[in-house]
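Visitor: Got a file for you: input37.txt, compact mmCIF, C-alpha atoms.
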# COMPACT_ATOMS: atom_id res chain seq x y z
CA MET T 13 82.46 -65.59 -3.47
CA THR T 14 78.69 -65.25 -4.04
CA THR T 15 76.43 -62.28 -4.71
CA ARG T 16 73.21 -61.39 -2.82
CA GLY T 17 71.09 -63.29 -5.32
CA GLY T 18 73.03 -66.48 -4.63
CA SER T 19 74.83 -66.58 -7.99
CA ARG T 20 78.56 -67.18 -7.96
CA ARG T 21 80.74 -64.27 -9.07
CA VAL T 22 83.83 -65.23 -11.03
CA LYS T 23 87.02 -63.61 -9.77
CA PRO T 24 89.05 -61.69 -12.38
CA ARG T 25 92.21 -63.43 -11.20
CA ARG T 26 90.64 -66.84 -11.89
CA VAL T 27 89.59 -65.72 -15.37
CA LEU T 28 93.14 -64.53 -16.06
CA VAL T 29 94.60 -67.87 -14.94
CA TRP T 30 92.21 -69.80 -17.20
CA PHE T 31 92.96 -67.47 -20.12
CA LEU T 32 96.72 -67.93 -19.69
CA ALA T 33 96.28 -71.70 -19.40
CA LEU T 34 94.21 -71.73 -22.60
CA LEU T 35 96.76 -69.57 -24.39
CA LEU T 36 99.59 -71.87 -23.30
CA ALA T 37 97.62 -74.92 -24.49
CA ILE T 38 97.03 -73.33 -27.90
CA ILE T 39 100.69 -72.39 -28.28
CA SER T 40 101.77 -75.91 -27.26
CA THR T 41 99.40 -77.76 -29.57
CA ALA T 42 99.67 -75.46 -32.60
CA PRO T 43 102.84 -77.14 -34.02
CA ILE T 44 101.26 -80.59 -33.65
CA VAL T 45 98.05 -79.45 -35.33
CA TRP T 46 100.01 -77.86 -38.18
CA ALA T 47 102.07 -81.04 -38.63
CA ALA T 48 98.88 -83.12 -38.69
CA LEU T 49 97.40 -80.85 -41.38
CA THR T 50 100.64 -80.97 -43.40
CA SER T 51 100.63 -84.77 -43.33
CA PHE T 52 97.56 -84.72 -45.61
CA LYS T 53 99.19 -82.48 -48.24
CA SER T 54 101.12 -83.27 -51.38
CA PHE T 55 104.69 -82.10 -51.91
CA VAL T 56 103.50 -79.08 -53.90
CA GLN T 57 100.84 -78.18 -51.32
CA ALA T 58 103.28 -78.51 -48.40
CA ASN T 59 105.70 -76.07 -50.07
CA ALA T 60 103.06 -73.64 -51.36
CA LYS T 61 103.44 -69.94 -50.58
CA PRO T 62 101.24 -68.59 -49.11
CA PRO T 63 100.62 -71.82 -47.17
CA MET T 64 97.58 -73.97 -47.80
CA TRP T 65 95.69 -73.98 -44.51
CA VAL T 66 93.02 -76.64 -45.16
CA PRO T 67 94.34 -79.81 -46.86
CA ASP T 68 92.47 -82.65 -48.51
CA PHE T 69 91.70 -84.87 -45.54
CA TYR T 70 90.90 -87.82 -47.78
CA ARG T 71 94.50 -87.83 -48.99
CA TRP T 72 96.19 -90.52 -46.88
CA LYS T 73 99.06 -91.23 -49.30
CA ASN T 74 101.79 -90.02 -46.94
CA TRP T 75 100.51 -92.20 -44.11
CA ILE T 76 100.04 -95.24 -46.36
CA ASP T 77 103.51 -94.90 -47.88
CA GLN T 78 105.07 -94.80 -44.40
CA PHE T 79 102.98 -97.09 -42.21
CA ALA T 80 101.12 -99.54 -44.45
CA PRO T 81 102.50 -103.11 -44.45
CA GLY T 82 105.89 -102.85 -46.10
CA GLY T 83 105.98 -99.08 -45.58
CA GLU T 84 109.26 -97.25 -45.14
CA ALA T 85 108.65 -96.32 -41.48
CA VAL T 86 107.30 -99.67 -40.28
CA GLU T 87 110.64 -101.19 -39.34
CA PRO T 88 111.94 -98.08 -37.52
CA LEU T 89 108.61 -97.91 -35.69
CA ILE T 90 108.92 -101.53 -34.54
CA ASN T 91 112.54 -100.95 -33.52
CA SER T 92 111.53 -97.95 -31.41
CA LEU T 93 108.75 -99.92 -29.72
CA ILE T 94 111.13 -102.78 -28.91
CA VAL T 95 113.88 -100.51 -27.60
CA ALA T 96 111.60 -98.26 -25.52
CA THR T 97 109.66 -101.15 -23.97
CA SER T 98 112.76 -103.25 -23.28
CA THR T 99 114.52 -100.26 -21.70
CA MET T 100 111.54 -99.57 -19.46
CA ILE T 101 111.29 -103.20 -18.30
CA VAL T 102 115.03 -103.66 -17.63
CA THR T 103 115.31 -100.29 -15.89
CA MET T 104 112.37 -101.01 -13.58
CA VAL T 105 113.57 -104.54 -12.77
CA VAL T 106 117.01 -103.23 -11.75
CA ALA T 107 115.90 -99.95 -10.16
CA ILE T 108 113.14 -101.29 -7.88
CA PRO T 109 115.30 -103.51 -5.64
CA ALA T 110 118.12 -100.96 -5.60
CA ALA T 111 115.79 -98.12 -4.61
CA TYR T 112 113.98 -100.22 -2.02
CA ALA T 113 117.27 -101.22 -0.40
CA LEU T 114 118.35 -97.58 -0.19
CA ALA T 115 114.98 -96.55 1.23
CA ARG T 116 114.61 -99.29 3.86
CA TYR T 117 118.02 -100.66 4.86
CA GLY T 118 120.72 -98.94 6.86
CA VAL T 119 123.40 -98.43 4.25
CA ARG T 120 126.60 -96.68 5.24
CA ARG T 121 127.03 -93.21 3.72
CA LYS T 122 123.62 -93.43 2.10
CA PRO T 123 123.45 -89.68 1.24
CA ASP T 124 126.78 -89.95 -0.57
CA ILE T 125 125.57 -92.99 -2.52
CA GLN T 126 122.35 -91.21 -3.48
CA PHE T 127 124.27 -88.13 -4.60
CA TRP T 128 126.65 -90.27 -6.65
CA ILE T 129 123.67 -91.98 -8.31
CA ILE T 130 121.95 -88.77 -9.35
CA SER T 131 125.25 -87.05 -10.25
CA SER T 132 125.79 -89.63 -12.99
CA ARG T 133 122.65 -88.24 -14.64
CA MET T 134 124.11 -84.74 -14.61
CA MET T 135 126.64 -85.71 -17.26
CA PRO T 136 125.14 -85.08 -20.71
CA LEU T 137 124.80 -88.11 -22.93
CA ILE T 138 126.94 -86.50 -25.63
CA ALA T 139 129.91 -86.60 -23.21
CA ALA T 140 129.62 -90.36 -22.78
CA ILE T 141 128.37 -91.55 -26.15
CA VAL T 142 131.84 -92.01 -27.70
CA PRO T 143 133.23 -94.31 -24.94
CA LEU T 144 129.89 -96.12 -24.80
CA SER T 145 129.97 -96.66 -28.54
CA THR T 146 133.57 -97.92 -28.31
CA MET T 147 132.53 -100.34 -25.58
CA LEU T 148 129.67 -101.66 -27.73
CA VAL T 149 132.04 -102.21 -30.64
CA TRP T 150 134.38 -104.16 -28.35
CA LEU T 151 131.40 -106.29 -27.19
CA ASN T 152 130.15 -106.79 -30.79
CA LEU T 153 126.91 -105.03 -29.84
CA ASN T 154 127.30 -101.99 -32.05
CA ASP T 155 124.48 -101.49 -34.56
CA THR T 156 122.18 -103.74 -32.53
CA LEU T 157 118.99 -103.07 -30.61
CA GLN T 158 120.48 -104.84 -27.58
CA GLY T 159 123.39 -102.39 -27.51
CA LEU T 160 121.03 -99.43 -27.75
CA VAL T 161 118.97 -100.82 -24.85
CA ILE T 162 122.14 -101.08 -22.74
CA VAL T 163 122.94 -97.42 -23.42
CA TYR T 164 119.42 -96.29 -22.58
CA VAL T 165 119.30 -98.36 -19.39
CA ALA T 166 122.63 -96.91 -18.27
CA PHE T 167 121.35 -93.41 -18.93
CA ASN T 168 117.94 -93.83 -17.24
CA LEU T 169 118.84 -96.08 -14.31
CA SER T 170 120.21 -93.35 -12.05
CA PHE T 171 117.09 -91.23 -12.54
CA ALA T 172 114.83 -94.20 -11.78
CA VAL T 173 116.72 -95.30 -8.65
CA TRP T 174 116.87 -91.79 -7.23
CA LEU T 175 113.16 -91.06 -7.65
CA LEU T 176 112.00 -94.53 -6.62
CA THR T 177 114.00 -94.18 -3.39
CA ILE T 178 111.94 -91.09 -2.59
CA PHE T 179 108.66 -92.82 -3.40
CA PHE T 180 109.51 -95.89 -1.29
CA SER T 181 110.60 -93.64 1.59
CA ASN T 182 107.15 -92.02 1.55
CA VAL T 183 105.51 -95.38 2.26
CA PRO T 184 104.99 -95.56 6.07
CA ILE T 185 107.34 -98.20 7.44
CA GLU T 186 104.80 -98.99 10.17
CA ILE T 187 102.50 -100.54 7.56
CA GLU T 188 105.26 -102.84 6.36
CA GLU T 189 106.19 -103.78 9.92
CA ALA T 190 102.56 -104.62 10.69
CA ALA T 191 102.45 -106.91 7.65
CA ARG T 192 105.67 -108.58 8.75
CA ILE T 193 104.19 -109.22 12.20
CA ASP T 194 101.21 -110.88 10.51
CA GLY T 195 103.61 -113.34 8.89
CA VAL T 196 103.99 -111.82 5.43
CA SER T 197 107.39 -112.41 3.84
CA ARG T 198 109.66 -109.57 2.76
CA MET T 199 108.76 -110.14 -0.90
CA GLY T 200 105.09 -110.38 0.06
CA VAL T 201 105.30 -107.03 1.81
CA LEU T 202 106.98 -105.51 -1.22
CA TRP T 203 104.38 -106.95 -3.63
CA HIS T 204 101.16 -106.57 -1.59
CA VAL T 205 101.89 -103.48 0.51
CA THR T 206 104.69 -101.30 -0.84
CA PHE T 207 103.91 -101.56 -4.55
CA PRO T 208 100.20 -100.63 -4.22
CA LEU T 209 101.03 -97.65 -2.00
CA ALA T 210 103.81 -96.46 -4.32
CA ARG T 211 102.15 -97.37 -7.60
CA ALA T 212 101.83 -93.72 -8.69
CA GLY T 213 105.61 -93.37 -8.45
CA LEU T 214 106.19 -96.66 -10.25
CA VAL T 215 103.90 -95.60 -13.10
CA VAL T 216 105.58 -92.20 -13.38
CA ILE T 217 109.08 -93.67 -13.57
CA ALA T 218 107.98 -96.30 -16.10
CA ILE T 219 106.31 -93.67 -18.30
CA PHE T 220 109.24 -91.26 -18.18
CA THR T 221 111.72 -94.02 -18.96
CA TRP T 222 109.63 -95.18 -21.90
CA ILE T 223 109.21 -91.67 -23.31
CA PHE T 224 112.90 -90.81 -22.88
CA SER T 225 113.85 -93.95 -24.79
CA TRP T 226 111.15 -93.43 -27.41
CA ASN T 227 112.26 -89.88 -28.24
CA GLU T 228 116.03 -90.17 -27.83
CA LEU T 229 118.03 -89.38 -30.98
CA LEU T 230 121.72 -88.83 -30.17
CA ALA T 231 122.63 -92.33 -28.99
CA ALA T 232 120.42 -93.95 -31.61
CA ILE T 233 122.01 -92.02 -34.46
CA VAL T 234 125.53 -92.99 -33.26
CA VAL T 235 124.92 -96.61 -32.24
CA THR T 236 122.48 -97.78 -34.93
CA THR T 237 122.47 -97.70 -38.71
CA GLY T 238 120.41 -99.19 -41.51
CA GLN T 239 118.07 -101.98 -40.37
CA THR T 240 118.37 -101.15 -36.66
CA GLU T 241 117.60 -97.43 -36.81
CA THR T 242 114.78 -96.14 -34.62
CA LEU T 243 111.95 -93.83 -35.58
CA PRO T 244 113.71 -90.59 -34.46
CA VAL T 245 116.73 -91.50 -36.60
CA TYR T 246 114.49 -92.27 -39.57
CA LEU T 247 112.63 -89.01 -38.98
CA SER T 248 115.85 -86.99 -39.08
CA GLY T 249 116.61 -88.35 -42.55
CA PHE T 250 113.87 -86.32 -44.25
CA ALA T 251 115.72 -83.02 -43.85
CA SER T 252 118.49 -82.21 -46.33
CA ASN T 253 120.21 -79.22 -47.88
CA ASN T 254 118.59 -79.82 -51.25
CA MET T 255 115.00 -80.79 -50.49
CA THR T 256 112.89 -81.46 -47.41
CA GLN T 257 109.81 -83.64 -47.81
CA TYR T 258 107.66 -81.80 -45.31
CA GLU T 259 104.53 -83.85 -45.99
CA LYS T 260 106.24 -87.17 -45.15
CA LEU T 261 108.17 -85.57 -42.31
CA ALA T 262 104.87 -84.38 -40.82
CA ALA T 263 103.23 -87.81 -41.08
CA VAL T 264 106.10 -89.58 -39.31
CA GLY T 265 106.43 -86.74 -36.80
CA VAL T 266 102.78 -86.98 -35.80
CA ALA T 267 103.10 -90.75 -35.47
CA GLN T 268 106.14 -90.14 -33.25
CA VAL T 269 104.19 -88.07 -30.71
CA ILE T 270 100.91 -90.02 -30.70
CA PRO T 271 102.05 -92.85 -28.33
CA ALA T 272 103.44 -90.40 -25.77
CA ILE T 273 100.24 -88.32 -25.89
CA LEU T 274 98.04 -91.38 -25.39
CA ILE T 275 100.15 -92.72 -22.52
CA VAL T 276 100.18 -89.40 -20.69
CA PHE T 277 96.44 -88.90 -21.29
CA PHE T 278 95.40 -92.25 -19.84
CA ALA T 279 97.91 -92.14 -16.95
CA GLN T 280 97.57 -88.47 -16.05
CA ARG T 281 96.15 -89.09 -12.58
CA TYR T 282 99.17 -91.22 -11.68
CA ILE T 283 101.51 -88.60 -13.09
CA VAL T 284 99.88 -85.83 -11.04
CA ALA T 285 99.98 -87.93 -7.86
CA GLY T 286 103.56 -89.03 -8.44
CA MET T 287 104.94 -85.64 -9.38
CA SER T 288 103.31 -84.02 -6.36
CA MET T 289 104.94 -86.62 -4.08
CA GLY T 290 101.50 -87.33 -2.68
CA ALA T 291 101.00 -90.86 -3.93
CA VAL T 292 100.66 -92.31 -0.42
CA SER T 293 98.69 -89.62 1.38
CA GLY T 294 96.37 -89.16 -1.56
CA GLU T 295 95.35 -92.78 -1.82
Output the file's structure as structure tokens, nothing else.

Guide:
Amino acid sequence: MTTRGGSRRVKPRRVLVWFLALLLAIISTAPIVWAALTSFKSFVQANAKPPMWVPDFYRWKNWIDQFAPGGEAVEPLINSLIVATSTMIVTMVVAIPAAYALARYGVRRKPDIQFWIISSRMMPLIAAIVPLSTMLVWLNLNDTLQGLVIVYVAFNLSFAVWLLTIFFSNVPIEIEEAARIDGVSRMGVLWHVTFPLARAGLVVIAIFTWIFSWNELLAAIVVTTGQTETLPVYLSGFASNNMTQYEKLAAVGVAQVIPAILIVFFAQRYIVAGMSMGAVSGE
């Protein structure tokens, strides 16, 4: 809406929406900012009352103690990277052909199969962790990164197959049929036609799978111990009934969220396209 002089008048409703969005952003980022500030404090400063708002930013001792070569958090960090990346790769490799088959081939009782797939995700992990842990012990995979990857793949696979089926179904089948008429093989169609059109969905599923595995604590704290613990398990060890090292907890906590923030920041356009189910029409 414009005024007589040609200048654009801002609607009060639009201002209210922007104000609420800004308020929500501040509320969401405030804990991360406070943790980042705390990571530069000493033990005395982190427990000071009233709190010390502005720390000494040149004090990197907490970060060096945790993440310098030989630091206490280096091995859990590497374990988390290995587990999250391996889970993402295995999940995508298994989920893509399964989802494509459900989306393109005439499978009997397909709605029932799809409901069964997603219903397995409805069961909370805590209800299945004990039998899964028993199975890993029987397979001699308990307290191993491979065993933890198996648990994470089992937990994320249903989610990946269900969503990827939707994304592949949104790809016009006429485009694939035209490529087949031109002599392209089924795998060629999948690689050169379907994947590019559904890449927003593929990126979204890969990101979500990676973040779920990166942040997961329950299975990791049951399945792994000692040298195989992941960063969330190591992070939970700072809290105790006697003393909590808030300054070290903050440093590791900030490091825990940085990869997820960077991934979402650089892939946000794919996430928006994928979550809106408009990856094909928006291309």

Visitor: If you count all atoms listed in the file, which residues fall within 8 Å of Asp155 of chain T, apart from same-chain ones fewer than 6 positions away, as a ChimeraX atom specification?

Guide: /T:235-237,240

Visitor: Edge lengths and centre, in Å to one decimal, as AutoDock Vina command-line options: that's what I need for the box along x, y and z that holds all listed atoms of segment 68-85 of chain T plus 6 Å on each side.

Guide:
--center_x 100.1 --center_y -92.9 --center_z -45.4 --size_x 30.4 --size_y 32.5 --size_z 19.8

Visitor: My list of candidates is T:Leu247, T:Ala140, T:Ala85, T:Val216. Which is closest to Ile233 of chain T when distances are computed with all atoms listed in the file?

Guide: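 Between T:Leu247, T:Ala140, T:Ala85, T:Val216, the residue approaching Ile233 of chain T most closely is T:Leu247.
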
Visitor: For each of T:Val201, T:Ala262, T:Ala231, T:Ala190, take the minimum atom-to-atom distance to Ala47 of chain T, counting all atoms listed in the file, then give the residue where this is smallest.

Guide: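 Using all atoms listed in the file, the shortest distance to Ala47 of chain T belongs to T:Ala262.
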
Visitor: Write out as a PyMOL selection string which residues come within 12 Å of Ile125 of chain T when counting only C-alpha atoms, dropping same-chain ones fewer than 3 positions away.

Guide: chain T and resi 110-111+113-115+119-122+128-132+170+173-174+177

Visitor: Keeping C-alpha atoms, export the residues of the selection given above as a PDB file, keeping the file's coordinate frame.

Guide:
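selection24.pdb, written as the output of this step:
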ATOM      1  CA  ALA T 110     118.120-100.960  -5.600  1.00  0.00           C
ATOM      2  CA  ALA T 111     115.790 -98.120  -4.610  1.00  0.00           C
ATOM      3  CA  ALA T 113     117.270-101.220  -0.400  1.00  0.00           C
ATOM      4  CA  LEU T 114     118.350 -97.580  -0.190  1.00  0.00           C
ATOM      5  CA  ALA T 115     114.980 -96.550   1.230  1.00  0.00           C
ATOM      6  CA  VAL T 119     123.400 -98.430   4.250  1.00  0.00           C
ATOM      7  CA  ARG T 120     126.600 -96.680   5.240  1.00  0.00           C
ATOM      8  CA  ARG T 121     127.030 -93.210   3.720  1.00  0.00           C
ATOM      9  CA  LYS T 122     123.620 -93.430   2.100  1.00  0.00           C
ATOM     10  CA  TRP T 128     126.650 -90.270  -6.650  1.00  0.00           C
ATOM     11  CA  ILE T 129     123.670 -91.980  -8.310  1.00  0.00           C
ATOM     12  CA  ILE T 130     121.950 -88.770  -9.350  1.00  0.00           C
ATOM     13  CA  SER T 131     125.250 -87.050 -10.250  1.00  0.00           C
ATOM     14  CA  SER T 132     125.790 -89.630 -12.990  1.00  0.00           C
ATOM     15  CA  SER T 170     120.210 -93.350 -12.050  1.00  0.00           C
ATOM     16  CA  VAL T 173     116.720 -95.300  -8.650  1.00  0.00           C
ATOM     17  CA  TRP T 174     116.870 -91.790  -7.230  1.00  0.00           C
ATOM     18  CA  THR T 177     114.000 -94.180  -3.390  1.00  0.00           C
TER      19      THR T 177
END

Visitor: Could you tell me how far atom CA of Pro244 of chain T lies from atom CA of Leu229 of chain T, in Å and to one decimal?

Guide: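 Spanning atom CA of Pro244 of chain T to atom CA of Leu229 of chain T is a straight-line distance of 5.7 Å.
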
Visitor: Output as a tab-separated table one row per residue of segment 59-136 of chain T within 8 Å of segment 257-261 of chain T: the closest atom pair and its distance in Å to one decimal place, counting only C-alpha atoms, sorted by chain and residue number ascending.

Guide:
residue	atom	partner	partner_atom	distance
T:Asn59	CA	T:Tyr258	CA	7.7
T:Asn74	CA	T:Lys260	CA	5.6
T:Trp75	CA	T:Lys260	CA	7.7
T:Gln78	CA	T:Lys260	CA	7.8

Visitor: Grab the atom CA of Ile141 of chain T to atom CA of Asp124 of chain T distance for me, in Å with one decimal place.

Guide: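 Computing the Euclidean distance for atom CA of Ile141 of chain T and atom CA of Asp124 of chain T yields 25.7 Å.
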
Visitor: I need the residue nearest Gln126 of chain T from this list: T:Ile178, T:Ile270, T:Val86, T:Val165. Use all atoms listed in the file for the distance.

Guide: T:Ile178

Visitor: Extract, using only C-alpha atoms, all DNA, RNA and protein residues at most 10 Å from Ile275 of chain T, discarding same-chain residues fewer than 3 positions from it, and format them as a PyMOL selection string.

Guide: chain T and resi 219+222-223+270-272+278-280

Visitor: May I have the residues from that selection written out with C-alpha atoms, as a PDB file, in the frame of the given file?

Guide:
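Result went into selection-v2.pdb, see below:
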ATOM      1  CA  ILE T 219     106.310 -93.670 -18.300  1.00  0.00           C
ATOM      2  CA  TRP T 222     109.630 -95.180 -21.900  1.00  0.00           C
ATOM      3  CA  ILE T 223     109.210 -91.670 -23.310  1.00  0.00           C
ATOM      4  CA  ILE T 270     100.910 -90.020 -30.700  1.00  0.00           C
ATOM      5  CA  PRO T 271     102.050 -92.850 -28.330  1.00  0.00           C
ATOM      6  CA  ALA T 272     103.440 -90.400 -25.770  1.00  0.00           C
ATOM      7  CA  PHE T 278      95.400 -92.250 -19.840  1.00  0.00           C
ATOM      8  CA  ALA T 279      97.910 -92.140 -16.950  1.00  0.00           C
ATOM      9  CA  GLN T 280      97.570 -88.470 -16.050  1.00  0.00           C
TER      10      GLN T 280
END

Visitor: Within 12 Å of (109.2, -100.0, -35.2), in the coordinates the file gives, what residues turn up when you count all atoms listed in the file, written out as a count of residues only?

Guide: 32

Visitor: Can you pull out every residue within 9 Å of Arg198 of chain T, counting all atoms listed in the file, but drop anything in the same chain fewer than 5 positions away, and send it as a ChimeraX atom specification?

Guide: /T:188,192,203

Visitor: With distances taken over only C-alpha atoms, which residue among T:Ser51, T:His204, T:Tyr112, T:Lys61 lies nearest Asp77 of chain T?

Guide: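 Smallest separation from Asp77 of chain T among the options: T:Ser51.
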
Visitor: Which residue is closest to Ala107 of chain T? Choose from T:Ala166, T:Leu34, T:Val45, T:Met147 and count all atoms listed in the file.

Guide: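 Between T:Ala166, T:Leu34, T:Val45, T:Met147, the residue approaching Ala107 of chain T most closely is T:Ala166.
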
Visitor: Work out how far apart atom CA of Phe180 of chain T and atom CA of Thr206 of chain T are and give it in Å to one decimal.

Guide: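 Rounded to one decimal, the two atoms are 7.3 Å apart.
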
Visitor: Looking at all atoms listed in the file, which of T:Arg281, T:Tyr117, T:Phe224, T:Leu49 is the one that sits closest to Tyr164 of chain T?

Guide: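 Smallest distance to Tyr164 of chain T is found for T:Phe224.
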
Visitor: Skip Tyr70 of chain T itself and residues of its chain fewer than 3 positions away, then list as a ChimeraX atom specification all residues within 10 Å of it, counting only C-alpha atoms.

Guide: /T:52-53,67,73

Visitor: Take the residues from that selection and put them in a file with C-alpha atoms, as a short mmCIF file (atom, residue, chain, number, x, y, z; two decimals), keeping the file's coordinate frame.

Guide:
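Result written to result-v6.cif:
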data_model
loop_
_atom_site.label_atom_id
_atom_site.label_comp_id
_atom_site.auth_asym_id
_atom_site.auth_seq_id
_atom_site.Cartn_x
_atom_site.Cartn_y
_atom_site.Cartn_z
CA PHE T 52 97.56 -84.72 -45.61
CA LYS T 53 99.19 -82.48 -48.24
CA PRO T 67 94.34 -79.81 -46.86
CA LYS T 73 99.06 -91.23 -49.30
#
